[in-house]
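For reference, the structure discussed in these notes is given below.
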Amino acid sequence: MSRSQQGVQERYRRALDALTQKLQQDRTVLAAIVYGSYSYDQVWEKSDIDLWIVMADDPKVRRYEDHCLTEEGVIIHANLIPRKRFQLNIEGSRQGGWLDFTFAHSTLLFSKDESIAAWYKDAERIGARDRDYQLLRRALPLLATLTKAQKWYQVKKDYNYSFLWLLNVADQLASVECILNGQAPGREVIHQALAFNPEFFNAIYTDLIAAPKNARTLKAALQRVETYLDDHIWDMFRPLLEY
């Protein structure tokens, strides 16, 4: 990391530390969670910081407004959520969308409420029933996307456009791979999946991007996808197959 980039990282750290201290002194604030690039990746000078701020329940407040704050010249997006809504989102979603992107690789900065800390710790746990539901939830649209890739390969013979649809297939399969391995899909889900199954995802993503887009390479990639689906059909469609 260059010296200038180290300076950027330090400025962002100071900005978050300064805001965290202010939030800890606010009696209406129960917890703060940072997510996005600051939490699990590397920020640069055009990055911002994303926060969930859990507020104490107040019957007088019908709706909390989100805020755009600045510290050290850094833009911080603060999403305010009451404690009860935070609990319902976790218990109701179970990796169903809201948690996927907010909690994957996020960081709990502080919590004044032991229950919130416990909910956060449990947020990435995917139980067997939840796992089956989330796999099916992703498998159904995946089939439609794959059909598009096959059509543009077989009927239209537009290999560039078939490749474009295959990239969408790879992204959807990456979510499946993460759930199979007990991890919530994040925003950079392809990179998560590459860590779990590098041979398959290199073949249908990294290597395919670098390869010529012709009948041979597209056919090989489509066959790999079909084999993957065959191998995981029970994992992905268990609720339907057992019905």
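Quick note on naming: the chains in the structure tokens go A, B, ... in the order shown, residues restart at 1 in each chain, and ligands are numbered from 1 in order of appearance.
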Inset, instruction - Find the residues around Ser47 (chain A) up to 9 Å (only C-alpha atoms counted), leave out those fewer than 4 positions away in its own chain, and share them as a list of chain:residue names. - result: A:Ser37, A:Tyr38, A:Val43, A:Val74, A:Ile75
Inset, instruction - Using backbone DSSP assignments, extract all helix (DSSP H, G or I) residues from region 98-201 of chain A; output them as a ChimeraX atom specification. - result: /A:98-103,114-122,128-154,159-180,189-196,198-201
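DSSP, applied to the backbone of this structure, assigns strand (DSSP E or B) to the following residues of region 40-169 of chain A: Ile49, Asp50, Leu51, Trp52, Ile53, Val54, Met55, His67, Cys68, Leu69, Thr70, Glu71, Val74, Ile75, Ile76, His77, Ala78, Asn79, Leu80, Ile81, Pro82, Thr107, Leu108, Leu109, Phe110 and Ser111 of chain A.
Going from CA of Ala221 (chain A) over to CA of Phe237 (chain A), you cover 22.2 Å.
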